[in-house]
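Visitor: For reference, the file entry36.txt (compact mmCIF, C-alpha atoms) is included below:
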# COMPACT_ATOMS: atom_id res chain seq x y z
CA MET J 47 0.00 0.00 0.00
CA THR J 48 1.31 3.44 -0.90
CA THR J 49 2.05 6.09 1.72
CA VAL J 50 0.73 9.60 1.08
CA CYS J 51 1.77 12.55 3.24
CA VAL J 52 -0.88 15.29 3.33
CA PHE J 53 0.06 18.77 4.54
CA GLY J 54 -2.93 20.86 5.60
CA GLY J 55 -5.00 17.77 6.25
CA THR J 56 -7.27 19.43 8.82
CA GLY J 57 -8.56 22.15 6.49
CA PHE J 58 -11.86 22.36 4.61
CA LEU J 59 -10.44 20.48 1.63
CA GLY J 60 -7.61 18.68 3.42
CA ARG J 61 -9.96 16.65 5.64
CA ARG J 62 -11.80 15.37 2.58
CA VAL J 63 -8.53 14.49 0.84
CA VAL J 64 -7.41 12.48 3.88
CA GLN J 65 -10.72 10.61 4.00
CA ARG J 66 -10.62 9.90 0.27
CA LEU J 67 -7.03 8.63 0.27
CA ALA J 68 -7.43 6.57 3.44
CA ALA J 69 -9.51 4.05 1.48
CA THR J 70 -6.58 3.08 -0.74
CA SER J 71 -3.41 4.36 0.96
CA THR J 72 -1.62 4.78 4.24
CA VAL J 73 -2.11 8.46 4.99
CA ARG J 74 0.34 10.51 7.03
CA VAL J 75 -1.15 13.88 8.06
CA ALA J 76 1.42 16.64 8.61
CA VAL J 77 0.05 19.56 10.64
CA ARG J 78 1.25 22.28 12.99
CA ASP J 79 -1.36 21.43 15.66
CA ALA J 80 -1.38 17.68 16.15
CA ASP J 81 -3.90 17.81 19.00
CA ARG J 82 -6.47 19.66 16.87
CA ALA J 83 -5.85 17.22 14.04
CA ARG J 84 -6.78 14.25 16.20
CA ASP J 85 -10.08 15.98 17.04
CA VAL J 86 -11.17 16.46 13.41
CA LEU J 87 -9.60 13.47 11.61
CA PRO J 88 -10.84 9.86 11.61
CA ALA J 89 -9.74 7.75 14.56
CA GLY J 90 -6.43 6.03 13.96
CA SER J 91 -5.11 8.68 11.56
CA ALA J 92 -1.31 8.94 11.58
CA VAL J 93 -0.61 12.53 12.66
CA LEU J 94 2.77 14.21 12.94
CA ARG J 95 3.89 17.74 13.68
CA ALA J 96 5.30 19.65 10.71
CA ASP J 97 5.30 23.21 9.42
CA VAL J 98 6.04 24.15 5.80
CA ARG J 99 8.08 27.07 7.16
CA ASP J 100 10.44 24.65 8.95
CA GLN J 101 12.74 22.69 6.62
CA ALA J 102 13.71 20.01 9.16
CA SER J 103 10.13 19.09 10.05
CA VAL J 104 9.17 18.98 6.37
CA ALA J 105 12.09 16.67 5.55
CA ALA J 106 11.09 14.31 8.36
CA ALA J 107 7.45 14.27 7.25
CA VAL J 108 8.07 13.41 3.58
CA ALA J 109 10.74 10.76 4.22
CA ARG J 110 9.82 7.42 2.61
CA ALA J 111 6.51 8.76 1.26
CA ASP J 112 5.22 7.66 -2.15
CA ALA J 113 3.30 10.89 -2.68
CA VAL J 114 2.85 14.28 -1.04
CA VAL J 115 -0.18 16.60 -1.17
CA ASN J 116 0.23 20.27 -0.23
CA ALA J 117 -3.25 21.40 0.79
CA VAL J 118 -2.01 24.07 3.20
CA SER J 119 -4.20 27.16 3.18
CA LEU J 120 -3.69 30.52 4.86
CA TYR J 121 -6.26 33.28 4.52
CA ILE J 122 -5.19 35.64 7.31
CA GLU J 123 -1.68 36.96 7.92
CA ARG J 124 -0.65 36.98 11.57
CA GLY J 125 2.90 37.46 12.82
CA ASP J 126 5.34 35.41 10.77
CA SER J 127 2.49 33.45 9.18
CA THR J 128 2.35 35.47 5.97
CA PHE J 129 1.12 34.56 2.51
CA GLU J 130 4.67 34.74 1.20
CA ALA J 131 6.02 32.55 4.00
CA VAL J 132 3.38 29.84 3.59
CA HIS J 133 2.15 29.85 -0.01
CA GLU J 134 5.42 30.82 -1.67
CA ARG J 135 8.45 29.94 0.45
CA GLY J 136 6.67 27.13 2.28
CA ALA J 137 5.45 25.55 -0.95
CA ALA J 138 8.99 25.78 -2.34
CA THR J 139 10.46 24.14 0.77
CA LEU J 140 8.01 21.28 0.61
CA ALA J 141 8.69 20.74 -3.09
CA ARG J 142 12.46 20.77 -2.59
CA GLU J 143 12.36 18.33 0.31
CA ALA J 144 10.01 16.00 -1.55
CA ALA J 145 12.36 16.02 -4.53
CA ALA J 146 15.41 15.45 -2.32
CA ALA J 147 13.68 12.51 -0.64
CA GLY J 148 12.91 10.94 -4.00
CA VAL J 149 9.14 11.18 -3.58
CA PRO J 150 7.59 10.17 -6.94
CA ARG J 151 4.47 12.38 -6.85
CA LEU J 152 3.59 15.84 -5.55
CA VAL J 153 0.24 17.63 -5.78
CA LEU J 154 -0.01 21.34 -4.98
CA VAL J 155 -3.44 22.80 -4.26
CA SER J 156 -3.49 26.37 -5.57
CA GLY J 157 -6.54 28.19 -6.91
CA ILE J 158 -8.15 29.57 -10.05
CA GLY J 159 -6.79 33.06 -10.61
CA ALA J 160 -3.36 32.48 -9.04
CA ASP J 161 -1.09 35.13 -10.55
CA PRO J 162 2.58 35.81 -9.69
CA GLU J 163 2.17 39.43 -10.85
CA SER J 164 -1.04 40.23 -8.96
CA PRO J 165 -1.12 43.37 -6.77
CA SER J 166 -2.84 41.21 -4.14
CA SER J 167 -0.32 39.66 -1.74
CA TYR J 168 -2.53 36.57 -1.38
CA ILE J 169 -3.06 35.93 -5.10
CA ARG J 170 0.57 36.82 -5.88
CA ALA J 171 1.91 34.35 -3.29
CA ARG J 172 -0.27 31.59 -4.74
CA GLY J 173 1.06 32.30 -8.24
CA ARG J 174 4.69 32.52 -7.17
CA GLY J 175 4.26 29.37 -5.13
CA GLU J 176 3.24 27.52 -8.29
CA LEU J 177 6.35 28.74 -10.09
CA ALA J 178 8.62 27.76 -7.20
CA VAL J 179 7.11 24.29 -7.01
CA ARG J 180 7.50 23.77 -10.76
CA GLN J 181 11.17 24.75 -10.51
CA ALA J 182 11.93 22.48 -7.54
CA PHE J 183 9.73 19.54 -8.61
CA PRO J 184 9.04 19.65 -12.38
CA GLY J 185 6.72 16.66 -12.23
CA ALA J 186 4.42 18.23 -9.66
CA THR J 187 0.71 18.33 -10.46
CA ILE J 188 -1.03 21.64 -9.73
CA VAL J 189 -4.75 21.76 -9.04
CA ARG J 190 -6.58 25.06 -9.10
CA PRO J 191 -10.06 24.77 -7.59
CA GLY J 192 -12.66 27.46 -7.93
CA ALA J 193 -14.61 28.66 -4.90
CA MET J 194 -15.37 25.43 -3.04
CA PHE J 195 -18.70 24.61 -1.45
CA GLY J 196 -19.88 21.89 0.92
CA PRO J 197 -20.83 21.55 4.60
CA GLY J 198 -18.71 23.98 6.61
CA ASP J 199 -17.88 26.19 3.63
CA ALA J 200 -17.06 29.90 3.70
CA LEU J 201 -19.31 30.55 0.71
CA PHE J 202 -22.94 29.52 1.14
CA GLY J 203 -22.65 28.85 4.86
CA THR J 204 -21.41 32.37 5.53
CA VAL J 205 -23.92 34.03 3.19
CA ALA J 206 -26.79 32.08 4.77
CA ALA J 207 -25.66 33.01 8.29
CA VAL J 208 -25.50 36.71 7.40
CA ALA J 209 -28.89 36.51 5.64
CA ARG J 210 -30.44 35.10 8.81
CA LEU J 211 -29.04 37.95 10.90
CA LEU J 212 -29.52 40.99 8.65
CA PRO J 213 -32.58 42.18 6.73
CA VAL J 214 -30.34 43.30 3.84
CA LEU J 215 -27.40 41.26 2.54
CA PRO J 216 -24.19 43.24 1.81
CA LEU J 217 -22.73 42.49 -1.63
CA ILE J 218 -19.05 43.25 -2.18
CA GLY J 219 -18.47 45.15 -5.39
CA GLY J 220 -22.20 45.13 -6.05
CA GLY J 221 -22.20 41.36 -6.54
CA HIS J 222 -21.11 41.50 -10.19
CA THR J 223 -18.12 39.14 -9.88
CA ARG J 224 -18.62 35.83 -11.69
CA LEU J 225 -17.81 32.60 -9.86
CA GLN J 226 -17.80 28.93 -10.84
CA PRO J 227 -18.25 27.08 -7.52
CA VAL J 228 -17.00 23.50 -7.24
CA TYR J 229 -18.08 20.82 -4.76
CA VAL J 230 -15.28 20.14 -2.28
CA GLU J 231 -15.81 16.37 -2.49
CA ASP J 232 -15.30 16.54 -6.26
CA VAL J 233 -11.96 18.26 -5.68
CA ALA J 234 -10.90 15.61 -3.15
CA GLU J 235 -11.90 12.87 -5.59
CA ALA J 236 -9.91 14.59 -8.33
CA ILE J 237 -6.78 14.60 -6.19
CA GLY J 238 -7.24 10.91 -5.48
CA ARG J 239 -7.54 10.13 -9.18
CA ILE J 240 -4.57 12.31 -10.04
CA LEU J 241 -2.35 10.39 -7.64
CA ALA J 242 -3.57 7.09 -9.05
CA ASP J 243 -2.68 8.08 -12.63
CA PRO J 244 1.04 8.62 -13.45
CA GLY J 245 -0.02 10.38 -16.65
CA THR J 246 -1.21 13.40 -14.63
CA ALA J 247 2.32 14.24 -13.46
CA GLY J 248 3.44 17.71 -14.52
CA GLN J 249 -0.09 18.78 -15.45
CA THR J 250 -2.15 21.74 -14.21
CA TYR J 251 -5.88 21.25 -13.67
CA GLU J 252 -8.59 23.85 -13.20
CA LEU J 253 -11.36 22.31 -11.11
CA ALA J 254 -14.66 24.14 -11.44
CA GLY J 255 -18.33 23.30 -11.19
CA PRO J 256 -20.88 23.11 -14.02
CA GLY J 257 -22.39 26.57 -13.54
CA VAL J 258 -21.14 30.16 -13.69
CA PHE J 259 -22.96 32.67 -11.47
CA THR J 260 -22.58 36.23 -10.33
CA LEU J 261 -22.07 36.76 -6.63
CA ARG J 262 -25.51 38.37 -6.58
CA GLU J 263 -27.09 35.23 -8.04
CA LEU J 264 -25.34 33.02 -5.48
CA ALA J 265 -26.47 35.30 -2.66
CA SER J 266 -30.06 35.22 -3.91
CA PHE J 267 -29.90 31.41 -4.04
CA ALA J 268 -28.75 31.26 -0.41
CA GLN J 269 -31.40 33.77 0.66
CA ARG J 270 -34.12 31.61 -0.88
CA LEU J 271 -32.84 28.55 0.96
CA VAL J 272 -33.18 30.30 4.34
CA ASN J 273 -36.52 31.92 3.43
CA ARG J 274 -35.20 35.48 3.33
CA PRO J 275 -36.18 38.17 0.80
CA PRO J 276 -33.57 38.92 -1.90
CA TRP J 277 -32.70 42.34 -0.50
CA THR J 278 -29.10 43.40 -0.98
CA LEU J 279 -26.84 46.38 -0.35
CA PRO J 280 -23.85 47.06 -2.65
CA VAL J 281 -20.58 47.49 -0.73
CA PRO J 282 -17.67 49.18 -2.58
CA PHE J 283 -14.41 47.24 -2.62
CA ALA J 284 -12.61 50.01 -0.69
CA LEU J 285 -15.10 49.74 2.18
CA ALA J 286 -15.02 45.94 2.06
CA GLU J 287 -11.22 46.03 2.46
CA VAL J 288 -11.48 48.20 5.56
CA LEU J 289 -14.14 45.93 7.06
CA ALA J 290 -12.09 42.84 6.26
CA GLN J 291 -9.06 44.30 8.03
CA LEU J 292 -11.19 44.86 11.12
CA PHE J 293 -12.78 41.40 10.92
CA GLU J 294 -9.36 39.75 10.69
CA ARG J 295 -8.77 40.70 14.31
CA LEU J 296 -11.50 38.23 15.28
CA PRO J 297 -10.76 34.53 15.92
CA SER J 298 -13.05 33.44 13.06
CA PRO J 299 -13.49 36.43 10.72
CA PRO J 300 -16.51 36.33 8.38
CA LEU J 301 -14.49 38.17 5.72
CA THR J 302 -10.77 38.45 4.94
CA THR J 303 -8.75 40.76 2.72
CA GLY J 304 -7.76 37.76 0.60
CA GLN J 305 -11.40 37.00 -0.08
CA VAL J 306 -12.03 40.62 -1.06
CA ASP J 307 -9.08 40.49 -3.45
CA LEU J 308 -10.43 37.32 -5.07
CA LEU J 309 -13.74 39.06 -5.75
CA LYS J 310 -12.11 41.90 -7.69
CA ALA J 311 -11.89 39.69 -10.80
CA ASP J 312 -14.03 36.89 -12.19
CA ASN J 313 -13.08 33.51 -10.70
CA VAL J 314 -13.95 31.07 -13.48
CA ALA J 315 -12.08 28.36 -15.37
CA SER J 316 -10.13 29.56 -18.38
CA GLY J 317 -11.27 26.65 -20.51
CA THR J 318 -7.71 26.09 -21.73
CA LEU J 319 -6.68 23.61 -19.03
CA PRO J 320 -8.04 20.13 -18.21
CA GLY J 321 -10.63 19.84 -15.47
CA LEU J 322 -12.92 17.40 -13.69
CA LYS J 323 -14.32 15.94 -16.91
CA VAL J 324 -10.89 14.77 -18.08
CA LEU J 325 -10.55 12.95 -14.77
CA GLY J 326 -13.87 11.19 -15.29
CA ILE J 327 -15.74 13.21 -12.66
CA GLU J 328 -19.22 14.62 -13.26
CA ALA J 329 -19.18 17.93 -11.39
CA LYS J 330 -21.97 18.34 -8.84
CA ALA J 331 -24.19 21.41 -9.15
CA ILE J 332 -24.91 23.80 -6.30
CA GLU J 333 -28.65 23.09 -6.70
CA GLU J 334 -27.98 19.43 -5.90
CA ILE J 335 -25.71 19.82 -2.89
CA VAL J 336 -26.21 23.16 -1.11
CA PRO J 337 -29.85 22.55 -0.03
CA THR J 338 -28.65 19.47 1.89
CA TYR J 339 -26.74 21.64 4.37
CA VAL J 340 -28.22 25.14 4.05
CA GLY J 341 -31.87 25.65 4.84
CA PRO J 342 -34.35 27.38 7.18
CA LYS J 343 -33.92 24.77 9.93
CA ARG J 344 -30.22 24.17 9.58
CA ALA J 345 -27.56 26.13 11.41
CA PRO J 346 -24.35 26.70 9.44
CA VAL J 347 -21.60 24.18 10.14
CA SER J 348 -18.30 25.68 11.27
CA ASP J 349 -15.00 24.54 9.84
What is this structure when it is put down as structure tokens?
Guide:
Amino acid sequence: MTTVCVFGGTGFLGRRVVQRLAATSTVRVAVRDADRARDVLPAGSAVLRADVRDQASVAAAVARADAVVNAVSLYIERGDSTFEAVHERGAATLAREAAAAGVPRLVLVSGIGADPESPSSYIRARGRGELAVRQAFPGATIVRPGAMFGPGDALFGTVAAVARLLPVLPLIGGGHTRLQPVYVEDVAEAIGRILADPGTAGQTYELAGPGVFTLRELASFAQRLVNRPPWTLPVPFALAEVLAQLFERLPSPPLTTGQVDLLKADNVASGTLPGLKVLGIEAKAIEEIVPTYVGPKRAPVSD
């Protein structure tokens, strides 16, 4: 049985990746907080302490692994946990150590819209992280999911929670940004299939759902699910940035500056890269999945 080391295995996507891979592989979950990991991962999961910012712990984690998945995600900068340190330098460190250890496969989870030249520190770090990984580990597979949805998400769960509390739903940038949401379980399944197919090495995949919607349309959909009128209030990006900076001081902010940056441009698949269909996955639609966890009698699930 192959051994897969998953970094970021306690996150929204990472937990699903661990569960998916555990059916066919021995999974080693590398996290900074091992105690928290044991609380959210299946019983018996092999958990070890590692931090992509620490070369020695990364080297120890990837030793004798057959594959490595980098699903580390950082949405709020605090102290030395910066986008550059985690998504750029950390991704490079993990790629270098995996290559040095002779690990055959590496999957980096990035995101649609990653751009090394972006004025946004979050989007720029994602893009530069991709370049650094490609340089250190040419055979790495990069997956770029769109906005992910599923129980515990920061998309429909957050919108529904706000809609329950406020009579009018704030819409960043007027809600004109176009998104192509993808089911988180589809992304986890894609990563499992990528690791099972040597032909996916060195490829970049854009993983998006079957529908393209404006933020306003997605908000209206969530409002209907919680039986709220479709009343909205446009919020300029400049104001949203200020609010996000204030929210980021909270333990679980409802909005981050990275999320605001992502909404400044459409977040849809380019159509020039392979996606879920090439991997034999029929993408789930929001209409099929979201009503199962967002509704008038359901409280939002926290991550």
Visitor: Find the residues of range 213-285 of chain J that sit at most 12 Å from range 111-127 of chain J; for each, write down the nearest two atoms and how far apart they are in Å, to one decimal. Count only C-alpha atoms. Sort by chain, then by number going up, and give it as a tab-separated table.
Guide:
residue	atom	partner	partner_atom	distance
J:Val233	CA	J:Ala117	CA	11.3
J:Ala234	CA	J:Ala117	CA	10.4
J:Ile237	CA	J:Val115	CA	8.5
J:Gly238	CA	J:Val115	CA	10.0
J:Ile240	CA	J:Val115	CA	10.8
J:Leu241	CA	J:Ala113	CA	7.5
J:Ala242	CA	J:Ala113	CA	10.1
J:Asp243	CA	J:Ala113	CA	11.9
J:Pro244	CA	J:Ala113	CA	11.2
J:Ala247	CA	J:Ala113	CA	11.3
Visitor: Name the closest residue to Val214 in chain J among the candidates J:Gly304, J:Pro276, J:Gly57, J:Gly341; distances are taken between atoms, counting only C-alpha atoms.
Guide: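 Of the candidates, the smallest distance to Val214 in chain J is held by J:Pro276.
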Visitor: Kindly indicate which residue among J:Arg210, J:Arg74, J:Arg135, J:Arg110 lies nearest to Arg270 in chain J, using all atoms listed in the file for the distances.
Guide: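 Using all atoms listed in the file, Arg270 in chain J sits closest to J:Arg210.
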Visitor: Measure the distance from CA of Phe267 in chain J to CA of Leu201 in chain J in Å and round it to one decimal.
Guide: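 We find that CA of Phe267 in chain J and CA of Leu201 in chain J lie 11.6 Å from each other.
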Visitor: How far is it from CA of Arg239 in chain J to CA of Lys323 in chain J, in Å with one decimal?
Guide: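 Value for the CA of Arg239 in chain J-CA of Lys323 in chain J distance: 11.8 Å.
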Visitor: Got a sec: who's within 8 Å of Val340 in chain J, counting all atoms listed in the file, leaving out chain neighbours fewer than 6 positions off, as a count of residues only?
Guide: 7
Visitor: Give the answer as one residue: which of J:Gln269, J:Ser103, J:Ser156, J:Ser166 has the shortest atom-to-atom distance to Leu211 in chain J, using all atoms listed in the file?
Guide: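 Closest to Leu211 in chain J, using all atoms listed in the file: J:Gln269.
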Visitor: Give me, please, the distance in Å between CA of Ile158 in chain J and CA of Arg190 in chain J, quoted to one decimal.
Guide: 4.9 Å
Visitor: Considering only C-alpha atoms, state which residue in the set J:Pro337, J:Gly175, J:Gly257, J:Gly55 is at the smallest distance from Gly192 in chain J.
Guide: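 That would be J:Gly257, the residue with the smallest distance to Gly192 in chain J.
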Visitor: Excluding Ala193 in chain J and its own-chain neighbours fewer than 6 positions away, which residues fall within 9 Å of it when counting only C-alpha atoms? Please give them as an MDAnalysis selection string.
Guide: chainID J and resid 157:158 201 225:230 254 313:314
Visitor: Have a look at J:Pro197, J:Arg66, J:Ala80, J:Val281 and name the one nearest to Leu94 in chain J; count only C-alpha atoms.
Guide: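 Residue with the minimum atom-to-atom distance to Leu94 in chain J: J:Ala80.
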Visitor: Leaving out range 67-71 of chain J and any residue of its chain fewer than 4 positions from it, which residues lie within 7 Å of it when counting all atoms listed in the file, given as a list of chain:residue names?
Guide: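 Everything that qualifies: J:Met47, J:Thr48, J:Thr49, J:Val50, J:Val63, J:Gly238.
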Visitor: For those residues, write C-alpha atoms to a file as a PDB file, keeping the file's coordinate frame.
Guide:
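Final output, part.pdb:
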ATOM      1  CA  MET J  47       0.000   0.000   0.000  1.00  0.00           C
ATOM      2  CA  THR J  48       1.310   3.440  -0.900  1.00  0.00           C
ATOM      3  CA  THR J  49       2.050   6.090   1.720  1.00  0.00           C
ATOM      4  CA  VAL J  50       0.730   9.600   1.080  1.00  0.00           C
ATOM      5  CA  VAL J  63      -8.530  14.490   0.840  1.00  0.00           C
ATOM      6  CA  GLY J 238      -7.240  10.910  -5.480  1.00  0.00           C
TER       7      GLY J 238
END
Visitor: Would you kindly return, as an MDAnalysis selection string, each protein, DNA or RNA residue with an atom no farther than 6 Å from any atom of Val153 in chain J, considering only C-alpha atoms and excluding same-chain residues fewer than 3 positions away?
Guide: chainID J and resid 115 186:188
Visitor: Under the rule that all atoms listed in the file are counted, which of J:Phe293, J:Val189, J:Cys51, J:Phe195 is the nearest residue to Thr338 in chain J?
Guide: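 Of all the options, J:Phe195 lies closest to Thr338 in chain J.
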Visitor: Could I get range 82-104 of chain J rebuilt with N, CA and C atoms, written as a PDB file, keeping the file's coordinate frame?
Guide:
ATOM      1  N   ARG J  82      -5.260  19.290  17.609  1.00  0.00           N
ATOM      2  CA  ARG J  82      -6.470  19.660  16.870  1.00  0.00           C
ATOM      3  C   ARG J  82      -6.745  18.663  15.765  1.00  0.00           C
ATOM      4  N   ALA J  83      -5.689  18.177  15.134  1.00  0.00           N
ATOM      5  CA  ALA J  83      -5.850  17.220  14.040  1.00  0.00           C
ATOM      6  C   ALA J  83      -6.552  15.962  14.516  1.00  0.00           C
ATOM      7  N   ARG J  84      -6.182  15.485  15.679  1.00  0.00           N
ATOM      8  CA  ARG J  84      -6.780  14.250  16.200  1.00  0.00           C
ATOM      9  C   ARG J  84      -8.263  14.444  16.506  1.00  0.00           C
ATOM     10  N   ASP J  85      -8.664  15.699  16.749  1.00  0.00           N
ATOM     11  CA  ASP J  85     -10.080  15.980  17.040  1.00  0.00           C
ATOM     12  C   ASP J  85     -10.938  15.969  15.774  1.00  0.00           C
ATOM     13  N   VAL J  86     -10.366  16.310  14.623  1.00  0.00           N
ATOM     14  CA  VAL J  86     -11.170  16.460  13.410  1.00  0.00           C
ATOM     15  C   VAL J  86     -10.948  15.348  12.385  1.00  0.00           C
ATOM     16  N   LEU J  87      -9.896  14.537  12.565  1.00  0.00           N
ATOM     17  CA  LEU J  87      -9.600  13.470  11.610  1.00  0.00           C
ATOM     18  C   LEU J  87     -10.150  12.141  12.103  1.00  0.00           C
ATOM     19  N   PRO J  88     -10.337  11.174  11.211  1.00  0.00           N
ATOM     20  CA  PRO J  88     -10.840   9.860  11.610  1.00  0.00           C
ATOM     21  C   PRO J  88      -9.930   9.212  12.647  1.00  0.00           C
ATOM     22  N   ALA J  89     -10.518   8.439  13.531  1.00  0.00           N
ATOM     23  CA  ALA J  89      -9.740   7.750  14.560  1.00  0.00           C
ATOM     24  C   ALA J  89      -8.686   6.862  13.909  1.00  0.00           C
ATOM     25  N   GLY J  90      -7.503   6.850  14.496  1.00  0.00           N
ATOM     26  CA  GLY J  90      -6.430   6.030  13.960  1.00  0.00           C
ATOM     27  C   GLY J  90      -5.575   6.711  12.916  1.00  0.00           C
ATOM     28  N   SER J  91      -5.897   7.963  12.563  1.00  0.00           N
ATOM     29  CA  SER J  91      -5.110   8.680  11.560  1.00  0.00           C
ATOM     30  C   SER J  91      -3.686   8.902  12.085  1.00  0.00           C
ATOM     31  N   ALA J  92      -2.709   8.711  11.218  1.00  0.00           N
ATOM     32  CA  ALA J  92      -1.310   8.940  11.580  1.00  0.00           C
ATOM     33  C   ALA J  92      -1.019  10.425  11.481  1.00  0.00           C
ATOM     34  N   VAL J  93      -0.809  11.082  12.610  1.00  0.00           N
ATOM     35  CA  VAL J  93      -0.610  12.530  12.660  1.00  0.00           C
ATOM     36  C   VAL J  93       0.791  12.840  13.149  1.00  0.00           C
ATOM     37  N   LEU J  94       1.460  13.765  12.486  1.00  0.00           N
ATOM     38  CA  LEU J  94       2.770  14.210  12.940  1.00  0.00           C
ATOM     39  C   LEU J  94       2.874  15.723  12.829  1.00  0.00           C
ATOM     40  N   ARG J  95       3.719  16.296  13.658  1.00  0.00           N
ATOM     41  CA  ARG J  95       3.890  17.740  13.680  1.00  0.00           C
ATOM     42  C   ARG J  95       4.860  18.170  12.579  1.00  0.00           C
ATOM     43  N   ALA J  96       4.430  19.112  11.761  1.00  0.00           N
ATOM     44  CA  ALA J  96       5.300  19.650  10.710  1.00  0.00           C
ATOM     45  C   ALA J  96       4.755  21.012  10.296  1.00  0.00           C
ATOM     46  N   ASP J  97       5.647  21.858   9.830  1.00  0.00           N
ATOM     47  CA  ASP J  97       5.300  23.210   9.420  1.00  0.00           C
ATOM     48  C   ASP J  97       6.062  23.499   8.130  1.00  0.00           C
ATOM     49  N   VAL J  98       5.364  23.914   7.082  1.00  0.00           N
ATOM     50  CA  VAL J  98       6.040  24.150   5.800  1.00  0.00           C
ATOM     51  C   VAL J  98       7.086  25.246   5.898  1.00  0.00           C
ATOM     52  N   ARG J  99       7.068  26.027   6.971  1.00  0.00           N
ATOM     53  CA  ARG J  99       8.080  27.070   7.160  1.00  0.00           C
ATOM     54  C   ARG J  99       9.345  26.526   7.818  1.00  0.00           C
ATOM     55  N   ASP J 100       9.309  25.255   8.244  1.00  0.00           N
ATOM     56  CA  ASP J 100      10.440  24.650   8.950  1.00  0.00           C
ATOM     57  C   ASP J 100      10.987  23.480   8.134  1.00  0.00           C
ATOM     58  N   GLN J 101      12.170  23.673   7.547  1.00  0.00           N
ATOM     59  CA  GLN J 101      12.740  22.690   6.620  1.00  0.00           C
ATOM     60  C   GLN J 101      12.933  21.321   7.269  1.00  0.00           C
ATOM     61  N   ALA J 102      13.422  21.283   8.505  1.00  0.00           N
ATOM     62  CA  ALA J 102      13.710  20.010   9.160  1.00  0.00           C
ATOM     63  C   ALA J 102      12.441  19.186   9.370  1.00  0.00           C
ATOM     64  N   SER J 103      11.366  19.828   9.810  1.00  0.00           N
ATOM     65  CA  SER J 103      10.130  19.090  10.050  1.00  0.00           C
ATOM     66  C   SER J 103       9.511  18.607   8.743  1.00  0.00           C
ATOM     67  N   VAL J 104       9.676  19.388   7.672  1.00  0.00           N
ATOM     68  CA  VAL J 104       9.170  18.980   6.370  1.00  0.00           C
ATOM     69  C   VAL J 104       9.934  17.756   5.868  1.00  0.00           C
TER      70      VAL J 104
END
